[in-house]
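Undergrad: Sharing input14.txt here; it has compact mmCIF, C-alpha atoms.
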```
# COMPACT_ATOMS: atom_id res chain seq x y z
CA ASP A 1 61.01 -24.21 25.23
CA ALA A 2 63.89 -22.10 24.00
CA GLY A 3 66.55 -24.21 22.30
CA ILE A 4 69.29 -24.02 24.91
CA THR A 5 71.41 -26.98 25.88
CA GLN A 6 73.97 -27.01 28.65
CA SER A 7 76.62 -29.68 29.05
CA PRO A 8 77.51 -31.40 31.20
CA ARG A 9 74.46 -31.38 33.48
CA HIS A 10 76.44 -32.58 36.47
CA LYS A 11 80.15 -32.56 37.17
CA VAL A 12 82.37 -33.32 40.12
CA THR A 13 85.93 -32.11 39.85
CA GLU A 14 88.96 -31.68 42.06
CA THR A 15 90.35 -28.43 43.35
CA GLY A 16 92.90 -26.95 40.99
CA THR A 17 91.68 -28.63 37.82
CA PRO A 18 90.37 -26.69 34.80
CA VAL A 19 86.69 -27.09 33.94
CA THR A 20 84.76 -26.00 30.87
CA LEU A 21 80.99 -25.73 30.70
CA ARG A 22 79.24 -25.45 27.36
CA CYS A 23 76.08 -23.64 26.33
CA HIS A 24 74.59 -24.27 22.92
CA GLN A 25 71.60 -22.40 21.47
CA THR A 26 69.53 -22.92 18.34
CA GLU A 27 67.62 -19.61 18.53
CA ASN A 28 70.26 -17.40 16.86
CA HIS A 29 69.99 -14.93 19.76
CA ARG A 30 72.65 -12.25 19.97
CA TYR A 31 73.11 -12.19 23.74
CA MET A 32 74.30 -15.06 25.89
CA TYR A 33 74.99 -15.10 29.62
CA TRP A 34 76.47 -17.25 32.34
CA TYR A 35 74.97 -17.00 35.81
CA ARG A 36 75.69 -18.85 39.00
CA GLN A 37 73.05 -19.52 41.63
CA ASP A 38 73.87 -19.97 45.29
CA PRO A 39 71.63 -20.04 48.37
CA GLY A 40 71.15 -16.56 49.77
CA HIS A 41 72.66 -14.87 46.71
CA GLY A 42 70.24 -15.63 43.96
CA LEU A 43 71.38 -15.50 40.37
CA ARG A 44 74.58 -13.56 39.79
CA LEU A 45 76.02 -12.70 36.41
CA ILE A 46 79.50 -14.08 35.70
CA HIS A 47 80.12 -13.06 32.09
CA TYR A 48 78.04 -12.24 29.08
CA SER A 49 78.41 -11.98 25.33
CA TYR A 50 76.84 -9.52 22.92
CA GLY A 51 78.14 -11.15 19.76
CA VAL A 52 80.76 -13.49 18.36
CA LYS A 53 84.07 -12.76 20.09
CA ASP A 54 82.41 -9.93 22.06
CA THR A 55 82.29 -10.60 25.77
CA ASP A 56 82.28 -8.64 29.01
CA LYS A 57 82.48 -9.24 32.73
CA GLY A 58 79.61 -9.50 35.14
CA GLU A 59 79.59 -8.96 38.88
CA VAL A 60 81.35 -12.22 39.87
CA SER A 61 83.86 -12.78 37.05
CA ASP A 62 87.01 -13.50 39.08
CA GLY A 63 88.32 -17.01 38.39
CA TYR A 64 86.22 -17.42 35.23
CA SER A 65 86.83 -16.85 31.54
CA VAL A 66 84.52 -17.20 28.54
CA SER A 67 84.73 -17.58 24.81
CA ARG A 68 82.27 -17.29 21.97
CA SER A 69 83.63 -18.32 18.59
CA LYS A 70 80.22 -19.04 17.06
CA THR A 71 76.81 -17.48 17.56
CA GLU A 72 75.41 -20.72 18.97
CA ASP A 73 78.12 -21.61 21.49
CA PHE A 74 79.23 -19.89 24.69
CA LEU A 75 81.87 -21.57 26.84
CA LEU A 76 82.60 -20.90 30.50
CA THR A 77 86.00 -21.97 31.82
CA LEU A 78 87.15 -22.24 35.38
CA GLU A 79 90.91 -22.04 34.97
CA SER A 80 91.67 -23.65 38.34
CA ALA A 81 88.55 -24.75 40.17
CA THR A 82 88.13 -23.86 43.85
CA SER A 83 85.57 -25.05 46.39
CA SER A 84 83.95 -21.59 46.33
CA GLN A 85 82.99 -22.27 42.71
CA THR A 86 80.75 -25.15 43.73
CA SER A 87 77.40 -23.91 42.45
CA VAL A 88 74.65 -24.33 39.93
CA TYR A 89 75.52 -22.62 36.65
CA PHE A 90 72.87 -21.38 34.26
CA CYS A 91 73.27 -20.22 30.71
CA ALA A 92 70.74 -17.76 29.35
CA ILE A 93 70.02 -16.18 25.98
CA SER A 94 68.16 -13.08 24.93
CA GLU A 95 67.42 -10.86 22.00
CA ILE A 96 66.36 -7.24 21.97
CA ASN A 97 63.29 -6.09 20.04
CA GLY A 98 62.54 -2.53 21.11
CA LEU A 99 62.20 -2.62 24.87
CA ARG A 100 61.66 -6.32 24.95
CA GLY A 101 64.61 -8.34 26.15
CA GLU A 102 63.41 -11.43 27.94
CA ALA A 103 66.07 -13.94 28.88
CA PHE A 104 65.54 -17.69 28.60
CA PHE A 105 67.50 -20.20 30.61
CA GLY A 106 69.10 -23.55 30.00
CA GLN A 107 68.60 -26.52 32.30
CA GLY A 108 71.62 -25.72 34.45
CA THR A 109 74.88 -27.46 35.35
CA ARG A 110 75.50 -28.58 38.90
CA LEU A 111 79.23 -28.32 39.57
CA THR A 112 80.85 -29.69 42.70
CA VAL A 113 84.51 -28.93 43.43
CA VAL A 114 86.02 -31.28 46.01
CA GLN B 1 73.21 -1.88 48.41
CA LYS B 2 71.29 -4.68 46.78
CA GLU B 3 69.88 -3.52 43.47
CA VAL B 4 66.79 -5.72 43.47
CA GLU B 5 65.12 -6.58 46.78
CA GLN B 6 62.57 -9.27 47.51
CA ASN B 7 61.32 -10.80 50.74
CA SER B 8 62.68 -14.32 50.89
CA GLY B 9 59.54 -15.75 52.48
CA PRO B 10 58.24 -18.31 52.66
CA LEU B 11 54.92 -16.76 51.79
CA SER B 12 52.12 -19.18 52.63
CA VAL B 13 48.66 -18.78 51.14
CA PRO B 14 45.67 -21.14 51.12
CA GLU B 15 44.55 -22.72 47.87
CA GLY B 16 42.26 -20.40 45.94
CA ALA B 17 43.60 -17.23 47.57
CA ILE B 18 45.49 -14.37 45.95
CA ALA B 19 49.27 -14.45 46.38
CA SER B 20 51.03 -11.08 46.30
CA LEU B 21 54.75 -10.94 45.62
CA ASN B 22 56.71 -7.72 45.81
CA CYS B 23 59.99 -6.39 44.48
CA THR B 24 61.80 -3.07 44.71
CA TYR B 25 64.71 -1.91 42.61
CA SER B 26 67.27 0.82 43.07
CA ASP B 27 68.15 2.10 39.59
CA ARG B 28 65.65 4.61 38.23
CA VAL B 29 66.77 4.16 34.62
CA SER B 30 65.71 0.49 34.51
CA GLN B 31 63.20 -0.05 31.76
CA SER B 32 62.28 -3.73 31.65
CA PHE B 33 60.97 -5.91 34.45
CA PHE B 34 60.42 -9.63 34.60
CA TRP B 35 59.05 -12.31 36.85
CA TYR B 36 60.46 -15.81 36.72
CA ARG B 37 59.19 -18.93 38.43
CA GLN B 38 61.68 -21.53 39.60
CA TYR B 39 60.73 -24.95 40.88
CA SER B 40 63.20 -26.68 43.17
CA GLY B 41 66.06 -28.16 41.16
CA LYS B 42 64.87 -26.59 37.91
CA SER B 43 65.83 -23.58 35.83
CA PRO B 44 64.04 -20.21 35.97
CA GLU B 45 61.02 -19.94 33.70
CA LEU B 46 59.76 -16.57 32.45
CA ILE B 47 56.13 -15.98 33.39
CA MET B 48 55.59 -12.22 33.05
CA SER B 49 57.28 -9.18 31.58
CA ILE B 50 56.23 -5.55 32.03
CA TYR B 51 57.65 -2.38 30.54
CA SER B 52 55.27 0.49 31.37
CA ASN B 53 53.51 1.74 34.47
CA GLY B 54 50.28 0.04 35.39
CA ASP B 55 48.95 -3.49 35.30
CA LYS B 56 49.49 -6.30 32.85
CA GLU B 57 47.34 -9.39 33.07
CA ASP B 58 48.00 -12.86 31.67
CA GLY B 59 45.62 -15.56 32.84
CA ARG B 60 45.84 -15.85 36.61
CA PHE B 61 48.91 -13.62 36.75
CA THR B 62 48.98 -9.82 37.00
CA ALA B 63 52.18 -7.81 37.02
CA GLN B 64 52.10 -4.29 38.39
CA LEU B 65 54.75 -1.63 37.81
CA ASN B 66 55.18 1.72 39.52
CA LYS B 67 58.36 3.39 38.27
CA ALA B 68 57.96 6.43 40.53
CA SER B 69 58.06 4.17 43.59
CA GLN B 70 60.52 1.75 41.93
CA TYR B 71 58.21 -1.11 42.72
CA VAL B 72 57.11 -4.20 40.84
CA SER B 73 54.62 -6.77 42.03
CA LEU B 74 53.12 -10.05 40.89
CA LEU B 75 49.63 -11.17 41.84
CA ILE B 76 48.60 -14.77 41.42
CA ARG B 77 44.85 -15.27 41.57
CA ASP B 78 43.19 -18.56 42.53
CA SER B 79 46.49 -19.92 43.79
CA GLN B 80 47.07 -23.62 43.19
CA PRO B 81 49.48 -26.04 44.88
CA SER B 82 51.31 -26.18 41.54
CA ASP B 83 52.15 -22.49 42.01
CA SER B 84 54.38 -23.42 44.94
CA ALA B 85 57.83 -22.33 43.79
CA THR B 86 60.37 -19.55 44.16
CA TYR B 87 59.53 -16.38 42.24
CA LEU B 88 62.41 -14.27 40.99
CA CYS B 89 62.13 -10.59 40.13
CA ALA B 90 64.54 -9.39 37.44
CA VAL B 91 65.32 -5.89 36.24
CA ASN B 92 67.11 -4.83 33.10
CA SER B 93 70.39 -3.19 34.04
CA PRO B 94 71.49 -0.02 32.31
CA GLY B 95 74.78 0.11 30.48
CA GLY B 96 74.14 -2.16 27.55
CA GLY B 97 74.36 -5.90 27.16
CA ASN B 98 70.70 -6.33 28.09
CA LYS B 99 71.87 -7.61 31.46
CA LEU B 100 69.31 -8.70 34.02
CA THR B 101 69.82 -8.23 37.76
CA PHE B 102 67.88 -10.66 39.90
CA GLY B 103 66.47 -10.51 43.37
CA THR B 104 67.09 -13.46 45.65
CA GLY B 105 63.55 -14.70 45.18
CA THR B 106 60.42 -15.22 47.26
CA GLN B 107 59.40 -18.75 48.12
CA LEU B 108 55.66 -19.26 47.74
CA LYS B 109 53.81 -22.14 49.37
CA VAL B 110 50.21 -22.78 48.45
CA GLU B 111 48.56 -24.91 51.09
CA LEU B 112 45.63 -27.27 50.58
```
Let me see whether you can do it: turn the structure in this file into structure tokens.

TA:
Amino acid sequence: DAGITQSPRHKVTETGTPVTLRCHQTENHRYMYWYRQDPGHGLRLIHYSYGVKDTDKGEVSDGYSVSRSKTEDFLLTLESATSSQTSVYFCAISEINGLRGEAFFGQGTRLTVV
Amino acid sequence: QKEVEQNSGPLSVPEGAIASLNCTYSDRVSQSFFWYRQYSGKSPELIMSIYSNGDKEDGRFTAQLNKASQYVSLLIRDSQPSDSATYLCAVNSPGGGNKLTFGTGTQLKVEL
């Protein structure tokens, strides 16, 4: 298994509170991603990183921010959690070698906003 | 318009049969294609990748790619109950960042 660890694995938080999810990798991969998975929508990209301090938005970035100060860590922050952000969050990593660019996923974080 | 389309299923096949899962994508410049398996409550697991037209076989799995038709498929031979899961098709998005766009997945049920 790819060395990807997400923390926490489960979290319940109240509406309006800030929340930070952490993704840690031991593979030294350049690319890191945050996805959310919801019934009927599949996996949707929130933000991604292509290097230390290099990040960009995905298709559902509103209400989320990210930071990557080290190759191994990618943080996702919900500035003020809302019930619509209740979801399962997955971190993924990838590296590019020619055309190859498989992504590998962490175990996921189940976030409930009440 | 959804960029990656899959039938949501469920697709039910008897044990030992061939399961055929299909995926279409909208962007012609996509170059890399992946199949992930996801068990309920678990994270997606990569099972196949394909980059050129034709077939690619790995054990009981065969991925098929037809770029002209913008079509990717996954065949699972000798289906087992342990193959029961949701199968996600993913396509590399153009524009850098090696971003993957996922379909919503097809639920496969292998019946005894």

Undergrad: What's around stretch 36-47 of chain B at 6 Å? Count all atoms listed in the file, leave out sequence neighbours fewer than 2 positions away in its own chain, and write the answer as a list of chain:residue names.

TA: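 With the cut-off at 6 Å, the set is A:Gln107, B:Ala85, B:Thr86, B:Tyr87, B:Leu88.
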
Undergrad: Using all atoms listed in the file, find which residues of chain A lie within 9 Å of chain B and jot them down as a PDB file with C-alpha atoms, keeping the file's coordinate frame.

TA:
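Output contents, as saved in out22.pdb:
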```
ATOM      1  CA  TYR A  31      73.110 -12.190  23.740  1.00  0.00           C
ATOM      2  CA  TYR A  33      74.990 -15.100  29.620  1.00  0.00           C
ATOM      3  CA  PRO A  39      71.630 -20.040  48.370  1.00  0.00           C
ATOM      4  CA  GLY A  40      71.150 -16.560  49.770  1.00  0.00           C
ATOM      5  CA  HIS A  41      72.660 -14.870  46.710  1.00  0.00           C
ATOM      6  CA  GLY A  42      70.240 -15.630  43.960  1.00  0.00           C
ATOM      7  CA  LEU A  43      71.380 -15.500  40.370  1.00  0.00           C
ATOM      8  CA  ARG A  44      74.580 -13.560  39.790  1.00  0.00           C
ATOM      9  CA  LEU A  45      76.020 -12.700  36.410  1.00  0.00           C
ATOM     10  CA  TYR A  48      78.040 -12.240  29.080  1.00  0.00           C
ATOM     11  CA  SER A  49      78.410 -11.980  25.330  1.00  0.00           C
ATOM     12  CA  TYR A  50      76.840  -9.520  22.920  1.00  0.00           C
ATOM     13  CA  ASP A  56      82.280  -8.640  29.010  1.00  0.00           C
ATOM     14  CA  GLY A  58      79.610  -9.500  35.140  1.00  0.00           C
ATOM     15  CA  PHE A  90      72.870 -21.380  34.260  1.00  0.00           C
ATOM     16  CA  SER A  94      68.160 -13.080  24.930  1.00  0.00           C
ATOM     17  CA  GLU A  95      67.420 -10.860  22.000  1.00  0.00           C
ATOM     18  CA  ILE A  96      66.360  -7.240  21.970  1.00  0.00           C
ATOM     19  CA  LEU A  99      62.200  -2.620  24.870  1.00  0.00           C
ATOM     20  CA  ARG A 100      61.660  -6.320  24.950  1.00  0.00           C
ATOM     21  CA  GLY A 101      64.610  -8.340  26.150  1.00  0.00           C
ATOM     22  CA  GLU A 102      63.410 -11.430  27.940  1.00  0.00           C
ATOM     23  CA  ALA A 103      66.070 -13.940  28.880  1.00  0.00           C
ATOM     24  CA  PHE A 104      65.540 -17.690  28.600  1.00  0.00           C
ATOM     25  CA  PHE A 105      67.500 -20.200  30.610  1.00  0.00           C
ATOM     26  CA  GLY A 106      69.100 -23.550  30.000  1.00  0.00           C
ATOM     27  CA  GLN A 107      68.600 -26.520  32.300  1.00  0.00           C
ATOM     28  CA  GLY A 108      71.620 -25.720  34.450  1.00  0.00           C
TER      29      GLY A 108
END
```

Undergrad: As a PyMOL selection string, please: the residues near A:Val113 (cut-off 6 Å, only C-alpha atoms, same-chain neighbours under 6 positions excluded).

TA: chain A and resi 12-15+83+86

Undergrad: Please indicate the distance in Å from atom CA of A:Gln85 to atom CA of A:Arg9, rounded to one decimal place.

TA: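 These two atoms are separated by 15.5 Å.
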
Undergrad: Quote the spacing between atom CA of A:Ala81 and atom CA of A:Gly51 in Å to one decimal place.

TA: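 Separation between atom CA of A:Ala81 and atom CA of A:Gly51: 26.6 Å.
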
Undergrad: Hey, can you pull every residue with an atom no more than 10 Å from (47.2, -15.9, 50.1), using only C-alpha atoms, and send it as a list in words?

TA: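 Selection result: Leu11, Ser12, Val13, Pro14, Glu15, Gly16, Ala17, Ile18, Ala19, Ser20, Leu75, Ile76, Arg77, Asp78, Ser79, Leu108, Lys109, Val110 and Glu111 of chain B.
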
Undergrad: Tell me, as a ChimeraX atom specification, which residues lie within 8 Å of B:Glu3, counting only C-alpha atoms; anything in the same chain fewer than 2 positions away does not count.

TA: /B:1,5,25-27,101,103

Undergrad: What separation in Å, quoted to one decimal, exists between atom CA of A:Arg36 and atom CA of B:Tyr71?

TA: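 Those two atoms sit 25.2 Å apart.
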
Undergrad: Could you check the closest approach to B:Leu21 for each of B:Gln80, B:Asn66, B:Arg60, B:Val72 and tell me which residue wins, using only C-alpha atoms?

TA: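 Selected residue with least distance to B:Leu21: B:Val72.
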
Undergrad: Would you mind telling me which residue in A:Gly3, A:Gly63, A:Pro8, A:Gly16 lies nearest to A:His29 when using only C-alpha atoms?

TA: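 Using only C-alpha atoms, A:His29 sits closest to A:Gly3.
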
Undergrad: Residues within 8 Å of A:Gln25, please, as a ChimeraX atom specification. Count only C-alpha atoms; anything in the same chain fewer than 3 positions from it doesn't count.

TA: /A:3-5,28-29,72-73,93
